[in-house]
Amino acid sequence: MLYTICQDALEREIAQLGVYKPSIAILAAKGRVTPLKVTGVRTPAANIIKQEMLAAGGDCATPGTAITCAVPRVDIILLGGRKQYAILLYKLKQMPYFGIPDIVGELEAYLGRQPKCTVLADGRRLTYGQMAVMGIINVTPDSFYAGSRRQGTDAVLAQAEKMLAGGAAVLDIGGESTRPGSDPVTAEEERSRVLPAVEAVKRHFPEAVVSVDTYRAALAREAMACGGDIINDISAMQADEGMLSAVVDTQAPVILMHMRGVPKNMQSRCRYDNVVQEVAAYLLERARLLQEHGVGPDKVLLDPGIGFAKDKDQNLQLIQGLEALTGTAYPVLMAASRKTVVGQVLGGLPAEERLEGTMAISAASVYAGADMVRVHDVKENVRLIRMLEAIRRA
């Protein structure tokens, strides 16, 4: 009899053989191959890396133009596990040429990653031993999913209580619809919707973690001052030049989302050569800007921006390729709840019928290593995620 072993079960299966206990983790690591793409590699370095990966027992995919050095730079894909990458790192450290030291730095960062966490301004920490679930509370009259709209303090508090009871780790309060084609509301209108909701939730549920969905720096500052904990900026600090200083000054974590243009015109800007690579590069560049101002990975979350300047196939590719972000030092948020892509895939379903499709994306996000999902239906997604996590830990 011969059968395939699931990666999640590999350590248990090895242990059941009765092997020497300290060797279990070592042997299990050899059963995992993690492809790593490296972009813009100088061609001589690509050829060197190919040979060193082969010598280490792995491999490296290089384009045909690499062997003849017909072009100055190429992208490559490393094919190995941690053992092969550790050997490669050791070898490359002896080679201070062809831009190899830059690759050494990135590989060292990858191999030396620490468990992710998010530190709030008041010192509390969100840790991700299990996936966190963010509940959506829209204090708007026109959000794309009518079931998420809450008008008035009593309705907001009732929804907050329901979501917290259902297992929400974070409540995300937003006062402007950013659905495709939508027009912005005035700053004062957004303020009048958001601040009373934030104040009410923090007054009634002081331990709740509240995220404020805004791209306006002034509102972000006010919301953090009246109890908000996280800034959720769909523009990744592009829409308002004051947002960078607001993040630095408040010491609040910020969610950086990928988008092109503004909601009114973003769906006319869906041209990509490689959507996964381009979204990851953009978000990491925005995160580097914060790093230059002393804001590290424990204050930043990355959101690929499902539905924002992407078509159906691009959204699916981003969900499928989420490990491009989860493999970094930054926590990753998947926010695809009931979005158009779900309806498109499932034959044109309206937002009211997209729960099961949303939960499939939550499941895919667990396997991709995401740290948080943003959803309208907290209880249902929490139950799905906890069940899936239990199966993976079995």
# chains A, B, ... in the order shown; residues from 1 in each chain; ligands from 1

call {"tool": "select_by_dssp", "arguments": {"residues": "segment 139-205 of chain A", "states": "strand (DSSP E)", "output": "list in words"}}
result
Val170, Leu171, Asp172, Ile173 and Gly174 of chain A

call {"tool": "residues_around", "arguments": {"residues": "Tyr97 of chain A", "least_positions_apart": "2", "cutoff": "12 Å", "atoms": "only C-alpha atoms", "output": "PyMOL selection string"}}
result
chain A and resi 41-46+48+92-95+99-104

call {"tool": "write_last_selection", "arguments": {"atoms": "C-alpha atoms", "output": "PDB file, in the first residue's frame"}}
result
ATOM      1  CA  VAL A  41      17.996  39.502 -10.590  1.00  0.00           C
ATOM      2  CA  ARG A  42      21.167  40.316 -12.532  1.00  0.00           C
ATOM      3  CA  THR A  43      21.577  37.555 -15.090  1.00  0.00           C
ATOM      4  CA  PRO A  44      25.012  36.313 -13.936  1.00  0.00           C
ATOM      5  CA  ALA A  45      23.610  36.051 -10.400  1.00  0.00           C
ATOM      6  CA  ALA A  46      20.634  34.062 -11.694  1.00  0.00           C
ATOM      7  CA  ILE A  48      24.994  31.244 -10.039  1.00  0.00           C
ATOM      8  CA  LEU A  92      25.668  33.526  -1.385  1.00  0.00           C
ATOM      9  CA  LYS A  93      27.164  35.322   1.606  1.00  0.00           C
ATOM     10  CA  GLN A  94      30.569  34.497   0.140  1.00  0.00           C
ATOM     11  CA  MET A  95      29.720  36.305  -3.132  1.00  0.00           C
ATOM     12  CA  GLY A  99      23.871  42.384  -6.709  1.00  0.00           C
ATOM     13  CA  ILE A 100      23.894  39.151  -4.703  1.00  0.00           C
ATOM     14  CA  PRO A 101      24.145  40.959  -1.305  1.00  0.00           C
ATOM     15  CA  ASP A 102      20.667  42.425  -1.902  1.00  0.00           C
ATOM     16  CA  ILE A 103      19.266  38.922  -2.419  1.00  0.00           C
ATOM     17  CA  VAL A 104      21.097  37.758   0.713  1.00  0.00           C
TER      18      VAL A 104
END

call {"tool": "residues_around", "arguments": {"residues": "Val382 of chain A", "least_positions_apart": "3", "cutoff": "7 Å", "atoms": "only C-alpha atoms", "output": "PyMOL selection string"}}
result
chain A and resi 133+167+378-379+385-386

call {"tool": "select_by_dssp", "arguments": {"residues": "segment 9-145 of chain A", "states": "helix (DSSP H, G or I)", "output": "PyMOL selection string"}}
result
chain A and resi 9-16+21-30+43-55+64-67+82-92+100-111

call {"tool": "residues_around", "arguments": {"residues": "Leu322 of chain A", "least_positions_apart": "2", "cutoff": "8 Å", "atoms": "only C-alpha atoms", "output": "count of residues only"}}
result
10

call {"tool": "residues_around", "arguments": {"residues": "segment 304-312 of chain A", "least_positions_apart": "2", "cutoff": "6 Å", "atoms": "only C-alpha atoms", "output": "list in words"}}
result
Met257, His258, Met259, Arg260, Met266, Gln267, Arg269, Cys270, Gln314, Asn315, Ala336 and Val341 of chain A

call {"tool": "write_last_selection", "arguments": {"atoms": "N, CA, C and O atoms", "output": "mmCIF file, in the first residue's frame"}}
result
data_model
loop_
_atom_site.group_PDB
_atom_site.id
_atom_site.type_symbol
_atom_site.label_atom_id
_atom_site.label_comp_id
_atom_site.auth_asym_id
_atom_site.auth_seq_id
_atom_site.Cartn_x
_atom_site.Cartn_y
_atom_site.Cartn_z
ATOM 1 N N MET A 257 -4.305 49.247 1.916
ATOM 2 C CA MET A 257 -4.987 48.467 0.886
ATOM 3 C C MET A 257 -4.542 48.915 -0.501
ATOM 4 O O MET A 257 -4.241 50.089 -0.722
ATOM 5 N N HIS A 258 -4.522 47.968 -1.423
ATOM 6 C CA HIS A 258 -4.173 48.303 -2.806
ATOM 7 C C HIS A 258 -5.405 48.761 -3.566
ATOM 8 O O HIS A 258 -6.452 48.117 -3.553
ATOM 9 N N MET A 259 -5.261 49.902 -4.243
ATOM 10 C CA MET A 259 -6.307 50.408 -5.122
ATOM 11 C C MET A 259 -5.650 51.317 -6.151
ATOM 12 O O MET A 259 -4.597 51.909 -5.880
ATOM 13 N N ARG A 260 -6.249 51.411 -7.319
ATOM 14 C CA ARG A 260 -5.830 52.400 -8.312
ATOM 15 C C ARG A 260 -6.973 53.373 -8.523
ATOM 16 O O ARG A 260 -8.131 52.979 -8.584
ATOM 17 N N MET A 266 -12.135 53.440 -10.548
ATOM 18 C CA MET A 266 -11.111 52.407 -10.375
ATOM 19 C C MET A 266 -11.281 51.216 -11.317
ATOM 20 O O MET A 266 -10.299 50.576 -11.703
ATOM 21 N N GLN A 267 -12.507 50.881 -11.703
ATOM 22 C CA GLN A 267 -12.696 49.703 -12.546
ATOM 23 C C GLN A 267 -12.280 49.936 -13.998
ATOM 24 O O GLN A 267 -12.305 48.997 -14.798
ATOM 25 N N ARG A 269 -9.205 50.844 -14.443
ATOM 26 C CA ARG A 269 -7.748 50.766 -14.258
ATOM 27 C C ARG A 269 -7.333 49.358 -13.839
ATOM 28 O O ARG A 269 -6.647 49.176 -12.836
ATOM 29 N N CYS A 270 -7.766 48.398 -14.612
ATOM 30 C CA CYS A 270 -7.548 46.988 -14.253
ATOM 31 C C CYS A 270 -6.481 46.305 -15.111
ATOM 32 O O CYS A 270 -6.498 45.086 -15.266
ATOM 33 N N GLN A 314 -8.565 38.670 -12.035
ATOM 34 C CA GLN A 314 -7.500 39.251 -11.205
ATOM 35 C C GLN A 314 -7.802 39.071 -9.718
ATOM 36 O O GLN A 314 -6.891 38.782 -8.923
ATOM 37 N N ASN A 315 -9.061 39.223 -9.331
ATOM 38 C CA ASN A 315 -9.433 38.973 -7.939
ATOM 39 C C ASN A 315 -9.151 37.523 -7.550
ATOM 40 O O ASN A 315 -8.615 37.246 -6.470
ATOM 41 N N ALA A 336 -12.970 40.269 1.374
ATOM 42 C CA ALA A 336 -13.699 39.937 0.141
ATOM 43 C C ALA A 336 -15.159 39.613 0.405
ATOM 44 O O ALA A 336 -15.846 39.083 -0.468
ATOM 45 N N VAL A 341 -17.011 39.684 -7.028
ATOM 46 C CA VAL A 341 -16.348 38.500 -7.584
ATOM 47 C C VAL A 341 -17.066 37.219 -7.168
ATOM 48 O O VAL A 341 -17.151 36.262 -7.941
#

call {"tool": "residues_around", "arguments": {"residues": "Asp213 of chain A", "least_positions_apart": "5", "cutoff": "10 Å", "atoms": "only C-alpha atoms", "output": "ChimeraX atom specification"}}
result
/A:136-138,172-177,194,219-220,230-234,255

call {"tool": "closest_residue", "arguments": {"among": "A:Glu353, A:Arg216, A:Leu302, A:Cys226", "to": "Glu241 of chain A", "atoms": "only C-alpha atoms"}}
result
A:Arg216

call {"tool": "closest_residue", "arguments": {"among": "A:Thr4, A:Asp313, A:Ala246, A:Met237", "to": "Leu289 of chain A", "atoms": "only C-alpha atoms"}}
result
A:Met237

call {"tool": "residues_around", "arguments": {"residues": "Ile391 of chain A", "least_positions_apart": "2", "cutoff": "12 Å", "atoms": "only C-alpha atoms", "output": "list in words"}}
result
Cys6, Asp8, Ala9, Ala363, Val366, Tyr367, Leu384, Ile385, Arg386, Met387, Leu388, Glu389, Arg393 and Ala394 of chain A

call {"tool": "write_last_selection", "arguments": {"atoms": "N, CA and C atoms", "output": "compact mmCIF listing (two decimals), in the first residue's frame"}}
result
# COMPACT_ATOMS: atom_id res chain seq x y z
N CYS A 6 -0.84 14.27 3.77
CA CYS A 6 -1.11 15.71 3.81
C CYS A 6 0.01 16.43 4.55
N ASP A 8 -0.11 18.93 6.49
CA ASP A 8 -0.47 19.22 7.88
C ASP A 8 -0.26 18.02 8.80
N ALA A 9 -0.32 16.82 8.23
CA ALA A 9 -0.20 15.60 9.04
C ALA A 9 1.19 15.01 9.03
N ALA A 363 -11.87 30.24 3.92
CA ALA A 363 -11.16 28.96 4.03
C ALA A 363 -9.85 29.01 3.25
N VAL A 366 -7.27 30.88 5.17
CA VAL A 366 -6.64 30.10 6.24
C VAL A 366 -5.46 29.32 5.67
N TYR A 367 -5.69 28.62 4.57
CA TYR A 367 -4.62 27.81 3.98
C TYR A 367 -3.47 28.67 3.46
N LEU A 384 -16.60 28.45 10.72
CA LEU A 384 -15.88 27.80 9.62
C LEU A 384 -14.38 27.78 9.90
N ILE A 385 -13.84 28.94 10.26
CA ILE A 385 -12.39 29.07 10.45
C ILE A 385 -11.91 28.22 11.61
N ARG A 386 -12.61 28.24 12.73
CA ARG A 386 -12.16 27.46 13.89
C ARG A 386 -12.22 25.96 13.59
N MET A 387 -13.23 25.53 12.84
CA MET A 387 -13.31 24.12 12.47
C MET A 387 -12.15 23.73 11.56
N LEU A 388 -11.85 24.58 10.61
CA LEU A 388 -10.76 24.30 9.68
C LEU A 388 -9.42 24.31 10.40
N GLU A 389 -9.25 25.25 11.31
CA GLU A 389 -8.00 25.30 12.09
C GLU A 389 -7.85 24.02 12.92
N ARG A 393 -4.80 21.25 12.77
CA ARG A 393 -3.97 20.97 13.95
C ARG A 393 -4.06 19.52 14.39
N ALA A 394 -4.99 18.76 13.85
CA ALA A 394 -5.32 17.44 14.40
C ALA A 394 -4.08 16.55 14.53
